[in-house]
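Visitor: One structure coming up, written as structure tokens, with questions to follow.
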Amino acid sequence: MSPSPNEVSREAGRGVRFAVVGNPGGRRVEMFSDAVRAAGLPEPRVLPWREVLVASSPRFEPGEVVRLDSPGEDDEVELLLRGTADPTRVEGTARWYARFTGAARQVAEAARAAGATVLDDPDELAVVFDKRLCHGVLSEAGVSVPPSPTSGPKAPPVRGWDDVRALLAGSGGLRRAFVKLAHGSSASGVLAVEAGAHGRVRAATSVERTADGLLFNSLRVRRYETEAEIAAIVDALAPDGLHIERWVPKAAQDGRAADLRVVVVDGRATHAVVRTSRSPMTNLHLGGIRGDLAAARAAAEAAGVPWQEVLGLAERAAACFPGTLCVGVDLLPGTGWRSFSVGEVNAFGDLLPRLTGLPGSGAEGLDTYGAQVAAVVRRRESAAGGTTGGGGTDAVG
């Protein structure tokens with residue numbers, strides 16, 4: 001007797017075998033492994049980044065599903081990628097980008113040659129990890145983003161503070177702008193710069209500059225009030241590549257600036273968190289705190305913006321990268337919650353412990369990693385002739 005479609009579906013799910021390129025023992029790998037085990041699937045095979053970066057070619061098995069995880073939180077890997085084992089150093093992101101994207105392409109080529117499936121398209125990762133390119137792709141697709149003079153591959157490079165100063169000056173200038181490392185993450189090297197009256201400038205940033213000119217990330221946002229200090233930081237960062245975008249005033253929650261991180265898995269917005277801060281940077285490791293998602297939804301809808309439209313914006317941003325299973329999209333709510341734009345798309349934006357799925361998302365009761373495992377199983381079930389489920393670009397409420 002032939003198996004029923006449901007039996008075929010269950011068998012297809014049980015046949016999923018994951019291989020993870022990541023840092024063994026790291027939070028991300030452990031949380032993803034927990035999700036795989038919770039789904040009743042075999043323990044993922046972990047390929048350490050430190051071995052992938054020095055080996056000629058990683059090895060994969062036919063049929064494996066290959067996940068590229070963040071190479072962060074490992075000093076040895078940091079040294080291989082950036083040339084320094086100190087994770088607090090700001091410089092070296094251009095080298096990091098070249099080494100990481102090269103390794104990602106090597107992994108993908110080896111996996112595909114072995115008959116494995118890759119969840120993270122390396123060419124898309126190369127765009128996501130270059131804020132200038134990512135901004136250009138989103139803008140070209142009609143996704144709302146802050147105005148930027150460095151958007152797209154044809155934009156002129158920012159050579160140093162003089163270029164930034166010129167963009168800030170004059171009636172047509174930006175006046176208030178974020179200056180970001182093109183390949184930075186976790187607010188590393190970000191400066192929120194303001195040009196005031198009489199040519200005065202000031203900046204808020206997590207960058208700490210030592211007396212000998214070295215740059216370090218600190219866990220607090222500090223303010224620089226002199227142009228000489230700001231210029232020295234920007235000039236030191238410029239060789240790694242800089243992206244500039246208008247500093248759009250954000251909506252507030254409980255008197256704190258607020259934005260949203262929305263995780264999109266296989267085309268669906270599955271998880272969302274509000275981040276609030278008294279500084280321009282809302283990153284949680286810089287003192288930001290989680291806000292009230294229900295209050296944010298109520299504020300948006302009271303301002304005439306349907307919640308489905310908010311989540312749909314994140315899904316449209318993610319749709320620009322169809323070869324990548326999961327991204328974290330940072331949404332910037334404008335003053336009064338009356339408008340939204342996309343600040344960034346994060347390839348590794350899923351580290352949100354204890355956060356479960358949105359109602360109606362298909363990820364209820366699952367964390368971000370559980371949602372990704374479930375999406376892969378659904379894909380396998382669909383290919384085997386079982387239920388289709390998941391996927392799609394419809395917004396969820």
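Convention: chains lettered A, B, ... in structure tokens order; per-chain residue numbering from 1; ligands numbered from 1 as shown.
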How close does each residue of segment 117-234 of chain A get to segment 43-65 of chain A, giving the shortest atom pair and distance in Å to one decimal for every residue with an atom at most 10 Å away, counting only C-alpha atoms, sorted by chain and residue number, as JSON lines?

Guide:
{"residue": "A:Thr117", "atom": "CA", "partner": "A:Val65", "partner_atom": "CA", "distance": 4.8}
{"residue": "A:Val118", "atom": "CA", "partner": "A:Val65", "partner_atom": "CA", "distance": 6.0}
{"residue": "A:Leu119", "atom": "CA", "partner": "A:Val65", "partner_atom": "CA", "distance": 7.1}

Visitor: So which residues touch Asp162 of chain A within 10 Å, counting only C-alpha atoms, skipping near sequence neighbours fewer than 3 positions away, as a PyMOL selection string?

Guide: chain A and resi 158-159+165-168+231+234-235

Visitor: For N, CA, C and O atoms, I'd like the residues from the last selection saved as a PDB file, in the first residue's frame.

Guide:
ATOM      1  N   VAL A 158      33.011  58.156   0.401  1.00  0.00           N
ATOM      2  CA  VAL A 158      33.246  59.173   1.421  1.00  0.00           C
ATOM      3  C   VAL A 158      34.702  59.050   1.839  1.00  0.00           C
ATOM      4  O   VAL A 158      35.104  58.065   2.456  1.00  0.00           O
ATOM      5  N   ARG A 159      35.504  60.050   1.520  1.00  0.00           N
ATOM      6  CA  ARG A 159      36.950  59.960   1.730  1.00  0.00           C
ATOM      7  C   ARG A 159      37.392  60.407   3.109  1.00  0.00           C
ATOM      8  O   ARG A 159      38.506  60.128   3.528  1.00  0.00           O
ATOM      9  N   ARG A 165      31.409  66.808   6.065  1.00  0.00           N
ATOM     10  CA  ARG A 165      31.126  68.208   6.409  1.00  0.00           C
ATOM     11  C   ARG A 165      30.422  68.920   5.272  1.00  0.00           C
ATOM     12  O   ARG A 165      29.482  69.707   5.501  1.00  0.00           O
ATOM     13  N   ALA A 166      30.845  68.635   4.064  1.00  0.00           N
ATOM     14  CA  ALA A 166      30.225  69.270   2.902  1.00  0.00           C
ATOM     15  C   ALA A 166      28.754  68.852   2.761  1.00  0.00           C
ATOM     16  O   ALA A 166      27.905  69.663   2.370  1.00  0.00           O
ATOM     17  N   LEU A 167      28.463  67.600   3.079  1.00  0.00           N
ATOM     18  CA  LEU A 167      27.089  67.120   2.982  1.00  0.00           C
ATOM     19  C   LEU A 167      26.209  67.696   4.076  1.00  0.00           C
ATOM     20  O   LEU A 167      25.000  67.867   3.902  1.00  0.00           O
ATOM     21  N   LEU A 168      26.803  68.010   5.214  1.00  0.00           N
ATOM     22  CA  LEU A 168      26.046  68.587   6.319  1.00  0.00           C
ATOM     23  C   LEU A 168      25.794  70.078   6.139  1.00  0.00           C
ATOM     24  O   LEU A 168      24.835  70.624   6.690  1.00  0.00           O
ATOM     25  N   ALA A 231      36.090  64.799  13.520  1.00  0.00           N
ATOM     26  CA  ALA A 231      36.836  64.632  12.276  1.00  0.00           C
ATOM     27  C   ALA A 231      37.871  63.518  12.401  1.00  0.00           C
ATOM     28  O   ALA A 231      38.075  62.734  11.465  1.00  0.00           O
ATOM     29  N   VAL A 234      36.040  60.148  12.119  1.00  0.00           N
ATOM     30  CA  VAL A 234      35.564  59.886  10.751  1.00  0.00           C
ATOM     31  C   VAL A 234      36.731  59.601   9.811  1.00  0.00           C
ATOM     32  O   VAL A 234      36.673  58.679   8.984  1.00  0.00           O
ATOM     33  N   ASP A 235      37.800  60.367   9.925  1.00  0.00           N
ATOM     34  CA  ASP A 235      38.965  60.145   9.058  1.00  0.00           C
ATOM     35  C   ASP A 235      39.575  58.767   9.303  1.00  0.00           C
ATOM     36  O   ASP A 235      40.072  58.119   8.370  1.00  0.00           O
TER      37      ASP A 235
END

Visitor: Segment 10-202 of chain A: which residues are helix (DSSP H, G or I) by DSSP, as number ranges by chain?

Guide: A: 10-14, 27-38, 49-54, 75-82, 93-113, 122-128, 131-140, 161-168, 197-199

Visitor: How many Å separate atom CA of Thr356 of chain A from atom CA of Gln372 of chain A?

Guide: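 Answer for the atom CA of Thr356 of chain A to atom CA of Gln372 of chain A separation: 12.3 Å.
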
Visitor: Identify all residues of segment 54-154 of chain A in strand (DSSP E or B) (DSSP on the backbone) and supply them as number ranges by chain.

Guide: A: 65-68, 89, 117-118, 120

Visitor: Wanna dump the segment 172-236 of chain A-segment 246-267 of chain A contacts at 7 Å for me, each residue with its shortest atom pair and the distance in Å to one decimal, counting only C-alpha atoms, ordered by chain and number, as CSV?

Guide:
residue,atom,partner,partner_atom,distance
A:Leu174,CA,A:Arg246,CA,6.0
A:Arg176,CA,A:Trp247,CA,5.3
A:Ala177,CA,A:Trp247,CA,4.4
A:Phe178,CA,A:Trp247,CA,5.6

Visitor: Could you list, as an mmCIF file with all heavy atoms, in the first residue's frame, every residue within 12 Å of Ala211 of chain A, counting only C-alpha atoms and ignoring same-chain residues fewer than 3 positions away?

Guide:
data_model
loop_
_atom_site.group_PDB
_atom_site.id
_atom_site.type_symbol
_atom_site.label_atom_id
_atom_site.label_comp_id
_atom_site.auth_asym_id
_atom_site.auth_seq_id
_atom_site.Cartn_x
_atom_site.Cartn_y
_atom_site.Cartn_z
ATOM 1 N N GLU A 208 34.926 55.059 21.294
ATOM 2 C CA GLU A 208 35.853 55.712 22.216
ATOM 3 C C GLU A 208 37.212 55.818 21.535
ATOM 4 O O GLU A 208 37.760 54.821 21.069
ATOM 5 C CB GLU A 208 35.983 54.907 23.506
ATOM 6 C CG GLU A 208 36.963 55.503 24.497
ATOM 7 C CD GLU A 208 37.087 54.680 25.757
ATOM 8 O OE1 GLU A 208 36.383 53.647 25.865
ATOM 9 O OE2 GLU A 208 37.895 55.056 26.633
ATOM 10 N N LEU A 214 43.552 55.187 18.510
ATOM 11 C CA LEU A 214 42.864 53.924 18.265
ATOM 12 C C LEU A 214 41.389 54.063 18.632
ATOM 13 O O LEU A 214 41.023 54.815 19.539
ATOM 14 C CB LEU A 214 43.508 52.798 19.064
ATOM 15 C CG LEU A 214 44.982 52.502 18.755
ATOM 16 C CD1 LEU A 214 45.494 51.374 19.642
ATOM 17 C CD2 LEU A 214 45.162 52.161 17.282
ATOM 18 N N LEU A 215 40.543 53.311 17.929
ATOM 19 C CA LEU A 215 39.100 53.395 18.138
ATOM 20 C C LEU A 215 38.578 52.104 18.750
ATOM 21 O O LEU A 215 38.888 51.009 18.279
ATOM 22 C CB LEU A 215 38.381 53.673 16.816
ATOM 23 C CG LEU A 215 38.829 54.910 16.031
ATOM 24 C CD1 LEU A 215 37.981 55.072 14.782
ATOM 25 C CD2 LEU A 215 38.768 56.167 16.890
ATOM 26 N N PHE A 216 37.752 52.255 19.779
ATOM 27 C CA PHE A 216 37.172 51.105 20.459
ATOM 28 C C PHE A 216 35.669 51.319 20.641
ATOM 29 O O PHE A 216 35.211 52.448 20.822
ATOM 30 C CB PHE A 216 37.813 50.895 21.838
ATOM 31 C CG PHE A 216 39.253 50.494 21.791
ATOM 32 C CD1 PHE A 216 40.255 51.447 21.667
ATOM 33 C CD2 PHE A 216 39.621 49.156 21.847
ATOM 34 C CE1 PHE A 216 41.590 51.086 21.618
ATOM 35 C CE2 PHE A 216 40.956 48.785 21.802
ATOM 36 C CZ PHE A 216 41.940 49.749 21.688
ATOM 37 N N GLU A 229 37.588 66.421 17.253
ATOM 38 C CA GLU A 229 37.416 65.047 17.729
ATOM 39 C C GLU A 229 36.594 64.220 16.742
ATOM 40 O O GLU A 229 36.932 63.066 16.432
ATOM 41 C CB GLU A 229 36.712 65.048 19.086
ATOM 42 C CG GLU A 229 37.521 65.609 20.238
ATOM 43 C CD GLU A 229 36.705 65.644 21.511
ATOM 44 O OE1 GLU A 229 35.623 66.264 21.503
ATOM 45 O OE2 GLU A 229 37.139 65.035 22.510
ATOM 46 N N ALA A 232 38.544 63.456 13.542
ATOM 47 C CA ALA A 232 39.563 62.422 13.734
ATOM 48 C C ALA A 232 38.955 61.026 13.673
ATOM 49 O O ALA A 232 39.539 60.104 13.086
ATOM 50 C CB ALA A 232 40.268 62.630 15.071
ATOM 51 N N ILE A 233 37.768 60.862 14.253
ATOM 52 C CA ILE A 233 37.104 59.557 14.215
ATOM 53 C C ILE A 233 36.679 59.211 12.795
ATOM 54 O O ILE A 233 36.926 58.111 12.300
ATOM 55 C CB ILE A 233 35.893 59.544 15.161
ATOM 56 C CG1 ILE A 233 36.355 59.666 16.611
ATOM 57 C CG2 ILE A 233 35.076 58.268 14.973
ATOM 58 C CD1 ILE A 233 35.214 59.836 17.601
#

Visitor: Tell me which protein, DNA and RNA residues are within 9 Å of Asn217 of chain A, counting only C-alpha atoms, leaving out same-chain ones fewer than 2 positions away, and put them as a PDB file with C-alpha atoms, in the first residue's frame.

Guide:
ATOM      1  CA  PRO A  87      36.338  42.418  19.523  1.00  0.00           C
ATOM      2  CA  THR A  88      36.073  45.967  20.869  1.00  0.00           C
ATOM      3  CA  ARG A  89      38.259  47.440  18.110  1.00  0.00           C
ATOM      4  CA  VAL A  90      36.318  49.355  15.480  1.00  0.00           C
ATOM      5  CA  ALA A 187      26.072  50.042  15.906  1.00  0.00           C
ATOM      6  CA  SER A 188      29.855  49.664  15.702  1.00  0.00           C
ATOM      7  CA  GLY A 189      31.373  52.893  14.432  1.00  0.00           C
ATOM      8  CA  THR A 205      28.496  57.501  19.241  1.00  0.00           C
ATOM      9  CA  SER A 206      29.639  54.373  21.059  1.00  0.00           C
ATOM     10  CA  VAL A 207      33.153  54.917  19.671  1.00  0.00           C
ATOM     11  CA  GLU A 208      35.853  55.712  22.216  1.00  0.00           C
ATOM     12  CA  ARG A 209      39.034  57.260  20.808  1.00  0.00           C
ATOM     13  CA  LEU A 215      39.100  53.395  18.138  1.00  0.00           C
ATOM     14  CA  LEU A 219      28.999  49.880  26.045  1.00  0.00           C
ATOM     15  CA  ARG A 220      27.798  53.410  26.528  1.00  0.00           C
TER      16      ARG A 220
END

Visitor: Near Gly72 of chain A, within 9 Å and counting only C-alpha atoms, which residues show up once chain neighbours fewer than 6 positions away are dropped, as a list in words?

Guide: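 In the requested form, the answer reads Gly22, Asn23, Gly26, Glu78 and Pro87 of chain A.
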
Visitor: For all heavy atoms, I'd like the residues from the last selection saved as a PDB file, in the first residue's frame.

Guide:
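The result, written out as part-v2.pdb:
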ATOM      1  N   GLY A  22      29.252  27.785  12.061  1.00  0.00           N
ATOM      2  CA  GLY A  22      29.131  28.721  13.170  1.00  0.00           C
ATOM      3  C   GLY A  22      30.241  28.519  14.179  1.00  0.00           C
ATOM      4  O   GLY A  22      31.229  27.822  13.902  1.00  0.00           O
ATOM      5  N   ASN A  23      30.086  29.114  15.324  1.00  0.00           N
ATOM      6  CA  ASN A  23      31.075  28.996  16.395  1.00  0.00           C
ATOM      7  C   ASN A  23      30.549  28.040  17.467  1.00  0.00           C
ATOM      8  O   ASN A  23      29.592  28.378  18.173  1.00  0.00           O
ATOM      9  CB  ASN A  23      31.372  30.370  17.006  1.00  0.00           C
ATOM     10  CG  ASN A  23      32.070  31.292  16.024  1.00  0.00           C
ATOM     11  OD1 ASN A  23      32.838  30.846  15.178  1.00  0.00           O
ATOM     12  ND2 ASN A  23      31.818  32.587  16.141  1.00  0.00           N
ATOM     13  N   GLY A  26      28.731  28.793  20.943  1.00  0.00           N
ATOM     14  CA  GLY A  26      28.190  30.146  20.933  1.00  0.00           C
ATOM     15  C   GLY A  26      26.687  30.146  21.135  1.00  0.00           C
ATOM     16  O   GLY A  26      26.002  29.149  20.904  1.00  0.00           O
ATOM     17  N   GLU A  78      37.628  36.240  15.037  1.00  0.00           N
ATOM     18  CA  GLU A  78      37.775  37.695  14.858  1.00  0.00           C
ATOM     19  C   GLU A  78      39.160  38.028  14.306  1.00  0.00           C
ATOM     20  O   GLU A  78      39.313  38.876  13.420  1.00  0.00           O
ATOM     21  CB  GLU A  78      37.553  38.392  16.197  1.00  0.00           C
ATOM     22  CG  GLU A  78      37.405  39.900  16.100  1.00  0.00           C
ATOM     23  CD  GLU A  78      36.034  40.326  15.617  1.00  0.00           C
ATOM     24  OE1 GLU A  78      35.150  39.468  15.410  1.00  0.00           O
ATOM     25  OE2 GLU A  78      35.844  41.534  15.431  1.00  0.00           O
ATOM     26  N   PRO A  87      37.646  42.146  20.121  1.00  0.00           N
ATOM     27  CA  PRO A  87      36.338  42.418  19.523  1.00  0.00           C
ATOM     28  C   PRO A  87      35.849  43.839  19.742  1.00  0.00           C
ATOM     29  O   PRO A  87      34.883  44.261  19.104  1.00  0.00           O
ATOM     30  CB  PRO A  87      35.420  41.407  20.230  1.00  0.00           C
ATOM     31  CG  PRO A  87      36.080  41.152  21.542  1.00  0.00           C
ATOM     32  CD  PRO A  87      37.552  41.235  21.270  1.00  0.00           C
TER      33      PRO A  87
END

Visitor: Please list as an MDAnalysis selection string every residue within 6 Å of segment 332-347 of chain A, counting only C-alpha atoms and excluding residues in the same chain fewer than 2 positions away.

Guide: chainID A and resid 144:145 250:251 259 300 303 327:330 349

Visitor: Applying 9 Å and only C-alpha atoms, which residues near Ala39 of chain A remain after dropping the ones on its own chain fewer than 4 positions away? List them as a list in words.

Guide: Arg14, Asp34, Ala35, Gly370, Val373 and Ala374 of chain A

Visitor: For a quick check of understanding, using only C-alpha atoms, which of A:Cys134, A:Ala375, A:Val190, A:Val21 has the smallest distance to Gln106 of chain A?

Guide: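 Closest residue, counting only C-alpha atoms: A:Val21.
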
Visitor: Provide the atom CA of Leu311 of chain A to atom CA of Ala269 of chain A distance in Å, to one decimal place.

Guide: 6.2 Å

Visitor: With only C-alpha atoms as the atoms that count, which of A:Ala108, A:Ala204, A:Leu237, A:Ala114 lies nearest to Leu68 of chain A?

Guide: A:Ala108
